[in-house]
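This report refers to the structure that appears directly beneath it.
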Amino acid sequence: MKIFNGKLLILIFALFSSSRVWAEEATGFAATLSSFSAGVDGFFNTYFGWFVNAVFFSVPMGDTKFPLIVGWLFVAALIFTLYFGFIQFRKFKLSIDIVRGKYTDPNSKEEGEVSHFQALTTALSGTVGLGNIAGVGVALAIGGPGATFWMIVVGLLGMASKFVECTLGVKYRTILPSGAVSGGPMYYLRDALAEQGKPGLGKFLAVGFAIMCIFGAIGGGNMFQANQAHAMLNYAFGIPLEYGIITGVVLAALVFSVIVGGMPSIASVTEKVVPWMAGLYVGMALIVIFANLSQVGPAFSAIIDGAFTGAGVAGGFIGALIQGLKRATFSNEAGVGSAAIAHSAVKTKEPVTEGLVSLLEPFIDTVVICTMTALVITIAGLNMAPFDGAGLTGVTLTAASFEATAGFFKYLLAIAVIMFAFSTMISWSYYGLKAWTYLFGESGVAEMIFKLLFCLFVIVGATIKFGAVIDFSDAAIFAMSIFNIAGLYFLMPIVKAELKSFTDRVKSGEIKRYK
Amino acid sequence: MSDISTDQIDLSRHLIKNGPKFRSHIIIFEETRAYLKPTLSALMFCLIYVLVGVFLLGLAAYIYMGTRQVDLVIFLSVTGAAIATFGLILLKPFMKYSAFDKGSDEFSNNADRPIKLVNITSLQITNKIITSKHGLSYPCYELNVLTKYGRRMNILNHNDLAQMEADAAKLSEFLGVELLDCKKEIVL
């Protein structure tokens, strides 16, 4: 083994040392990559353009067109908020107390369980991702500063959506014979609706969700992450966009080792590092905000003005609302159903506790962190009207805004973006795999096919142009919500009954408060 | 030291928190020796990190020789070194030699204090569920030894139950000790 490794190392260094050979090949390589990028971009536009158009089917509203899917999500969040009596505000303190462990018996804590501070930081790191960084950049580039206001509104309302889906995710999870857990919308749509005497509807919604979840995993959970990771490297280090294939291959190799090899170690390392990255990002944002404290007031004025006038935005305030809602949903995934898959694997006997814990995520993610990003961008002043996305957008707008305060911030942001992208890819590979095995069975072959496809799309995502990726990513993620929310309307009485049972037992003392 | 009854020790408790989602080792039996051999897949998955790290280091060298862009060279070098080092650390457990040797009457894994074979009273297979914040969840199994002095040590840790049961059965026959099924129902 040692001799093999030594020869391999010598060969690799010899190859890279031959700079004359590489110089001659560089021009041809860049041209080939550019051609490949254009080809893939064209493929997506040609073969998936119909899907994007279908998901974002719009109706005329004033000077613009309003995508029905945006209304679908907004109205659902509003209905859940009203149905559960503004639970995100009434039970906010209870949610905090549950995360802090006030309802966990200290004597029952098993060896290896994390402390509640660790649970809090893990929850925080789980919410911070490229949606907070790149997504906000897109929202403000197209929707103007006013999009921030609508992101906050949608974040607050979306807390109720997340509560409903995550409670159901735990209640209807399946424990496989091996002990592994499978849960999420596929299971609660199928099983809960069957309990209600609607097995056909349940199966239809479950299968529809699973199909869209696979697209969502490949789009938003994979290609978008890889694409923005390379865009960040392009901004920070000037690496040409054509060399995205190299970024894609490196990321794909690491993702491959985790999801195919099942190496938990790198995922464990990521779990330990990402909270610090999230803390680093929040710290950087706070530095920018405090360094420009005098501009915070005007920034908020611009946000409020923009929210209701939509000055400079195509479609006016409706345009700002659309962008704010789209980016908020992409970031906090409320109503989409993906969070229910992850939360279903948690060790708890009370489904409602997980629902209450999960409702904190849109608050932290959108109301706090997205707002911080939006303030940084608005304060920097690089995002100017007309807000048509022609200038800086996405992660480059966010990076430039941070760099306006301190030049070296772009390097820290590059490291954070890559860590977040990798962490998100691992998460969504799991969601997509659960949907895939729901449709095609839990066989090793079926799993391997999805995992290899997922790794392939990491490379594709890092290679293609921004427009095709974000359009498809958006459409796939939002398509999941069509099936998920349709089912949630039927199932919300079940959640209400669970909530009543839980709160009654808390009041009676049957569920003890320990601290 | 006095003998400790197995009743006093929770043999179903796992010794290692995590574990891989693939078969990491098999046990090879010879006349007087049984040793752990890492599987090719285990080595390959660890080598991926080493190769990625070396690639990034090579890329850094190439860029330094070409454009001398210092910030990118530093970024690639640090990232490549970190990933390669991580890969080598992952490889280390697979490369260490663990063997039950009847000739020296010892089990040694070159990490912990060796165990005298005569002190081994039983083998146990336990189970655990590996979960992560990503939602990933899969079962993993451990093959552990128990000595008459109450010391427990892990032998195998992977998620191929069929292979582990086969290896455990042969090992219990090789050592002449009982094999206990200490798998428990996982309650979330």
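As shown in the structure tokens, the chain order sets the letters A, B, ...; within each chain, residues go from 1, and ligands are also counted from 1 in the order they appear.
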Item to check | Selection: 10 Å around Ile48 (chain B), only C-alpha atoms, excl. self and same-chain fewer than 6 positions, as a ChimeraX atom specification | outcome: /A:250,253-254,256-257 /B:54,83-84,87
Checklist entry - If we count only C-alpha atoms, what is near Ile28 (chain B) at a cut-off of 12 Å, once residues fewer than 4 positions away on the same chain are taken out, given as a ChimeraX atom specification? => result /B:32-39,98-101,166-168,170-171,174
Next on the checklist: Can you pull out every residue from region 390-475 of chain A that DSSP, working from the backbone, puts in alpha helix (DSSP H), and format the result as a PyMOL selection string?
Outcome noted: chain A and resi 394-403+409-440+444-463+466-475
Just the residues within 9 Å of region 191-203 of chain A, please, counting only C-alpha atoms, with nothing from its chain fewer than 3 positions along; format it as a CSV table (one decimal) with C-alpha atoms, in the first residue's frame.
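Final file, result.csv:
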```csv
chain,number,residue,atom,x,y,z
A,168,LEU,CA,-47.1,15.2,11.5
A,172,TYR,CA,-46.5,9.2,11.3
A,186,MET,CA,-44.8,10.8,2.0
A,187,TYR,CA,-45.7,8.9,5.1
A,188,TYR,CA,-48.1,11.3,6.8
A,206,ALA,CA,-47.6,11.1,-1.3
A,207,VAL,CA,-46.4,9.9,-4.7
A,208,GLY,CA,-46.6,13.4,-6.1
A,487,GLY,CA,-52.5,17.3,2.5
A,490,PHE,CA,-56.9,17.8,5.6
A,491,LEU,CA,-54.6,16.9,8.5
A,494,ILE,CA,-55.1,16.0,13.9
```
Checklist entry - Could you name the residues that touch Gly391 (chain A) at 10 Å or less, counting only C-alpha atoms, but leaving out those on the same chain fewer than 6 positions away, as an NGL selection string? => result :A and (141-142 or 382-385 or 397)
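Going from CA of Ala81 (chain B) to CA of Val273 (chain A) covers 16.6 Å.
With CA of Leu453 (chain A) on one side and CA of Ser35 (chain A) on the other, the separation reads 22.0 Å.
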Checklist entry - Taking only C-alpha atoms into account, which of A:Ala404, A:Leu439, A:Leu157, A:Ile318 comes nearest Phe89 (chain A)? => result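 Selected residue with least distance to Phe89 (chain A): A:Leu157.
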Item to check | Distance query Val73 (chain B) at most 9 Å, only C-alpha atoms, self and fewer than 4 positions along chain excluded, as a ChimeraX atom specification | outcome: /B:57,59-64,68-69,77-78
File of the preceding selection, N, CA and C atoms, as an mmCIF file, in the first residue's frame:
```cif
data_model
loop_
_atom_site.group_PDB
_atom_site.id
_atom_site.type_symbol
_atom_site.label_atom_id
_atom_site.label_comp_id
_atom_site.auth_asym_id
_atom_site.auth_seq_id
_atom_site.Cartn_x
_atom_site.Cartn_y
_atom_site.Cartn_z
ATOM 1 N N LEU B 57 -3.728 20.276 -3.485
ATOM 2 C CA LEU B 57 -2.355 20.725 -3.247
ATOM 3 C C LEU B 57 -1.616 20.868 -4.573
ATOM 4 N N LEU B 59 -3.000 21.447 -7.444
ATOM 5 C CA LEU B 59 -3.591 22.602 -8.131
ATOM 6 C C LEU B 59 -2.986 23.893 -7.588
ATOM 7 N N ALA B 60 -2.791 23.928 -6.274
ATOM 8 C CA ALA B 60 -2.179 25.109 -5.660
ATOM 9 C C ALA B 60 -0.768 25.316 -6.205
ATOM 10 N N ALA B 61 -0.019 24.207 -6.319
ATOM 11 C CA ALA B 61 1.345 24.305 -6.853
ATOM 12 C C ALA B 61 1.316 24.815 -8.298
ATOM 13 N N TYR B 62 0.381 24.302 -9.081
ATOM 14 C CA TYR B 62 0.278 24.709 -10.485
ATOM 15 C C TYR B 62 -0.047 26.192 -10.603
ATOM 16 N N ILE B 63 -0.971 26.651 -9.778
ATOM 17 C CA ILE B 63 -1.362 28.063 -9.823
ATOM 18 C C ILE B 63 -0.203 28.942 -9.351
ATOM 19 N N TYR B 64 0.543 28.479 -8.353
ATOM 20 C CA TYR B 64 1.686 29.249 -7.858
ATOM 21 C C TYR B 64 2.744 29.402 -8.943
ATOM 22 N N ARG B 68 0.866 32.821 -9.708
ATOM 23 C CA ARG B 68 1.333 33.254 -8.382
ATOM 24 C C ARG B 68 0.253 34.055 -7.636
ATOM 25 N N GLN B 69 -0.992 33.645 -7.777
ATOM 26 C CA GLN B 69 -2.078 34.313 -7.062
ATOM 27 C C GLN B 69 -2.075 33.792 -5.624
ATOM 28 N N SER B 77 -4.153 25.400 -0.735
ATOM 29 C CA SER B 77 -3.183 24.638 0.053
ATOM 30 C C SER B 77 -3.771 24.250 1.409
ATOM 31 N N VAL B 78 -4.390 25.208 2.072
ATOM 32 C CA VAL B 78 -4.954 24.925 3.390
ATOM 33 C C VAL B 78 -6.087 23.911 3.273
#
```
Item to check | Close residues, Ser137 (chain B) itself excluded, 6 Å, only C-alpha atoms, min 5 positions apart in chain, as a PyMOL selection string | outcome: (chain A and resi 180) or (chain B and resi 130-131)
Checklist entry - With only C-alpha atoms as the basis for distance, which of B:Leu180, B:Ile16, B:Ile9, B:Glu185 is at the shortest distance from Glu142 (chain B)? => result B:Ile16
Next on the checklist: I need the strand (DSSP E or B) residues of region 3-180 of chain B per DSSP on the backbone, written as a PyMOL selection string.
Outcome noted: chain B and resi 25-29+33-38+99-101+106-108+115-116+120-131+137-147+152-158+178-180
Please produce a file of the residues just selected, as a short mmCIF file (atom, residue, chain, number, x, y, z; two decimals), in the first residue's frame, where the atoms kept are N, CA and C atoms.
```cif
data_model
loop_
_atom_site.label_atom_id
_atom_site.label_comp_id
_atom_site.auth_asym_id
_atom_site.auth_seq_id
_atom_site.Cartn_x
_atom_site.Cartn_y
_atom_site.Cartn_z
N HIS B 25 -14.53 -4.01 8.01
CA HIS B 25 -13.52 -5.05 8.22
C HIS B 25 -14.17 -6.42 8.13
N ILE B 26 -13.35 -7.41 7.79
CA ILE B 26 -13.75 -8.80 7.97
C ILE B 26 -12.66 -9.46 8.80
N ILE B 27 -12.98 -10.63 9.34
CA ILE B 27 -11.98 -11.34 10.15
C ILE B 27 -11.46 -12.52 9.33
N ILE B 28 -10.16 -12.61 9.23
CA ILE B 28 -9.50 -13.70 8.50
C ILE B 28 -8.96 -14.69 9.52
N PHE B 29 -9.27 -15.97 9.33
CA PHE B 29 -8.87 -16.99 10.30
C PHE B 29 -7.74 -17.85 9.73
N ARG B 33 -4.14 -17.87 14.39
CA ARG B 33 -4.30 -16.41 14.40
C ARG B 33 -5.59 -16.02 13.70
N ALA B 34 -6.24 -15.02 14.24
CA ALA B 34 -7.42 -14.43 13.57
C ALA B 34 -7.20 -12.92 13.57
N TYR B 35 -7.16 -12.34 12.39
CA TYR B 35 -6.86 -10.90 12.32
C TYR B 35 -7.91 -10.17 11.51
N LEU B 36 -8.00 -8.86 11.80
CA LEU B 36 -8.98 -8.01 11.12
C LEU B 36 -8.37 -7.46 9.84
N LYS B 37 -9.12 -7.58 8.76
CA LYS B 37 -8.64 -7.06 7.48
C LYS B 37 -9.62 -6.01 6.98
N PRO B 38 -9.12 -4.80 6.70
CA PRO B 38 -10.04 -3.78 6.17
C PRO B 38 -10.50 -4.15 4.76
N ALA B 99 -5.28 -8.38 15.98
CA ALA B 99 -5.27 -9.83 15.81
C ALA B 99 -5.43 -10.55 17.12
N PHE B 100 -6.09 -11.71 17.05
CA PHE B 100 -6.14 -12.66 18.16
C PHE B 100 -5.05 -13.69 17.84
N ASP B 101 -4.03 -13.79 18.69
CA ASP B 101 -2.90 -14.66 18.42
C ASP B 101 -2.80 -15.72 19.50
N GLU B 106 -2.68 -13.56 23.06
CA GLU B 106 -3.03 -12.17 23.25
C GLU B 106 -3.94 -11.66 22.14
N PHE B 107 -4.82 -10.69 22.49
CA PHE B 107 -5.47 -9.90 21.45
C PHE B 107 -4.92 -8.49 21.57
N SER B 108 -4.43 -7.98 20.44
CA SER B 108 -3.88 -6.63 20.44
C SER B 108 -4.42 -5.87 19.25
N ILE B 115 -5.18 -7.80 25.51
CA ILE B 115 -5.99 -8.67 26.38
C ILE B 115 -5.46 -10.10 26.23
N LYS B 116 -5.34 -10.78 27.32
CA LYS B 116 -4.98 -12.20 27.29
C LYS B 116 -6.19 -12.98 26.80
N ILE B 120 -10.73 -13.81 28.14
CA ILE B 120 -11.96 -13.48 27.42
C ILE B 120 -13.05 -14.47 27.80
N THR B 121 -14.20 -13.94 28.25
CA THR B 121 -15.29 -14.81 28.68
C THR B 121 -16.39 -14.94 27.63
N SER B 122 -16.61 -13.87 26.87
CA SER B 122 -17.68 -13.94 25.87
C SER B 122 -17.52 -12.85 24.83
N LEU B 123 -18.25 -13.04 23.73
CA LEU B 123 -18.38 -12.01 22.68
C LEU B 123 -19.83 -11.55 22.67
N GLN B 124 -20.05 -10.30 22.32
CA GLN B 124 -21.43 -9.79 22.23
C GLN B 124 -21.60 -8.98 20.94
N ILE B 125 -22.78 -9.14 20.37
CA ILE B 125 -23.16 -8.26 19.25
C ILE B 125 -24.21 -7.30 19.78
N THR B 126 -23.93 -6.01 19.65
CA THR B 126 -24.90 -4.99 20.07
C THR B 126 -25.29 -4.16 18.85
N ASN B 127 -26.34 -3.40 19.02
CA ASN B 127 -26.81 -2.56 17.92
C ASN B 127 -27.02 -1.13 18.38
N LYS B 128 -27.01 -0.22 17.44
CA LYS B 128 -27.27 1.20 17.72
C LYS B 128 -27.80 1.84 16.46
N ILE B 129 -28.41 2.98 16.62
CA ILE B 129 -28.88 3.73 15.46
C ILE B 129 -28.04 5.00 15.36
N ILE B 130 -27.44 5.19 14.23
CA ILE B 130 -26.64 6.40 14.00
C ILE B 130 -27.58 7.46 13.43
N THR B 131 -27.68 8.57 14.09
CA THR B 131 -28.50 9.67 13.59
C THR B 131 -27.64 10.91 13.51
N SER B 137 -30.23 8.38 9.12
CA SER B 137 -30.36 7.43 10.21
C SER B 137 -30.17 6.03 9.65
N TYR B 138 -29.29 5.26 10.28
CA TYR B 138 -29.09 3.89 9.84
C TYR B 138 -28.60 3.06 11.02
N PRO B 139 -28.84 1.74 10.97
CA PRO B 139 -28.39 0.90 12.07
C PRO B 139 -26.90 0.58 11.92
N CYS B 140 -26.27 0.38 13.03
CA CYS B 140 -24.86 -0.02 13.04
C CYS B 140 -24.69 -1.04 14.16
N TYR B 141 -23.73 -1.93 14.02
CA TYR B 141 -23.56 -3.03 14.97
C TYR B 141 -22.14 -3.07 15.47
N GLU B 142 -22.00 -3.58 16.70
CA GLU B 142 -20.67 -3.73 17.29
C GLU B 142 -20.47 -5.18 17.72
N LEU B 143 -19.26 -5.65 17.52
CA LEU B 143 -18.85 -6.92 18.11
C LEU B 143 -17.83 -6.58 19.19
N ASN B 144 -18.15 -6.90 20.42
CA ASN B 144 -17.30 -6.55 21.55
C ASN B 144 -16.88 -7.81 22.31
N VAL B 145 -15.75 -7.70 23.01
CA VAL B 145 -15.35 -8.79 23.90
C VAL B 145 -15.54 -8.35 25.34
N LEU B 146 -15.76 -9.35 26.20
CA LEU B 146 -15.84 -9.10 27.64
C LEU B 146 -14.82 -10.01 28.32
N THR B 147 -14.02 -9.43 29.21
CA THR B 147 -13.05 -10.24 29.95
C THR B 147 -13.63 -10.58 31.33
N ARG B 152 -14.36 -4.35 28.69
CA ARG B 152 -14.99 -4.55 27.38
C ARG B 152 -14.14 -3.84 26.33
N MET B 153 -14.03 -4.46 25.17
CA MET B 153 -13.27 -3.84 24.08
C MET B 153 -13.97 -4.13 22.77
N ASN B 154 -13.97 -3.15 21.89
CA ASN B 154 -14.63 -3.31 20.61
C ASN B 154 -13.71 -4.02 19.61
N ILE B 155 -14.30 -4.94 18.84
CA ILE B 155 -13.56 -5.64 17.80
C ILE B 155 -13.99 -5.14 16.42
N LEU B 156 -15.30 -5.19 16.17
CA LEU B 156 -15.82 -4.77 14.88
C LEU B 156 -16.90 -3.71 15.08
N ASN B 157 -17.01 -2.78 14.13
CA ASN B 157 -18.01 -1.73 14.22
C ASN B 157 -18.42 -1.34 12.80
N HIS B 158 -19.51 -1.93 12.30
CA HIS B 158 -19.99 -1.58 10.96
C HIS B 158 -21.45 -1.99 10.82
N GLU B 178 -18.52 -18.12 24.47
CA GLU B 178 -19.89 -17.99 24.00
C GLU B 178 -20.10 -16.67 23.26
N LEU B 179 -21.06 -16.70 22.34
CA LEU B 179 -21.44 -15.50 21.60
C LEU B 179 -22.83 -15.10 22.07
N LEU B 180 -22.94 -13.88 22.55
CA LEU B 180 -24.22 -13.39 23.07
C LEU B 180 -24.84 -12.37 22.09
#
```
Item to check | Residue with smallest distance to chain B - pool A:Gly238, A:Gly155, A:Gly144, A:Gly28, counting only C-alpha atoms | outcome: A:Gly238
Item to check | From A:Phe43, A:Phe472, A:Tyr235, A:Phe478, residue lying nearest chain B [only C-alpha atoms] | outcome: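 So, comparing all the options, the nearest one is A:Tyr235.
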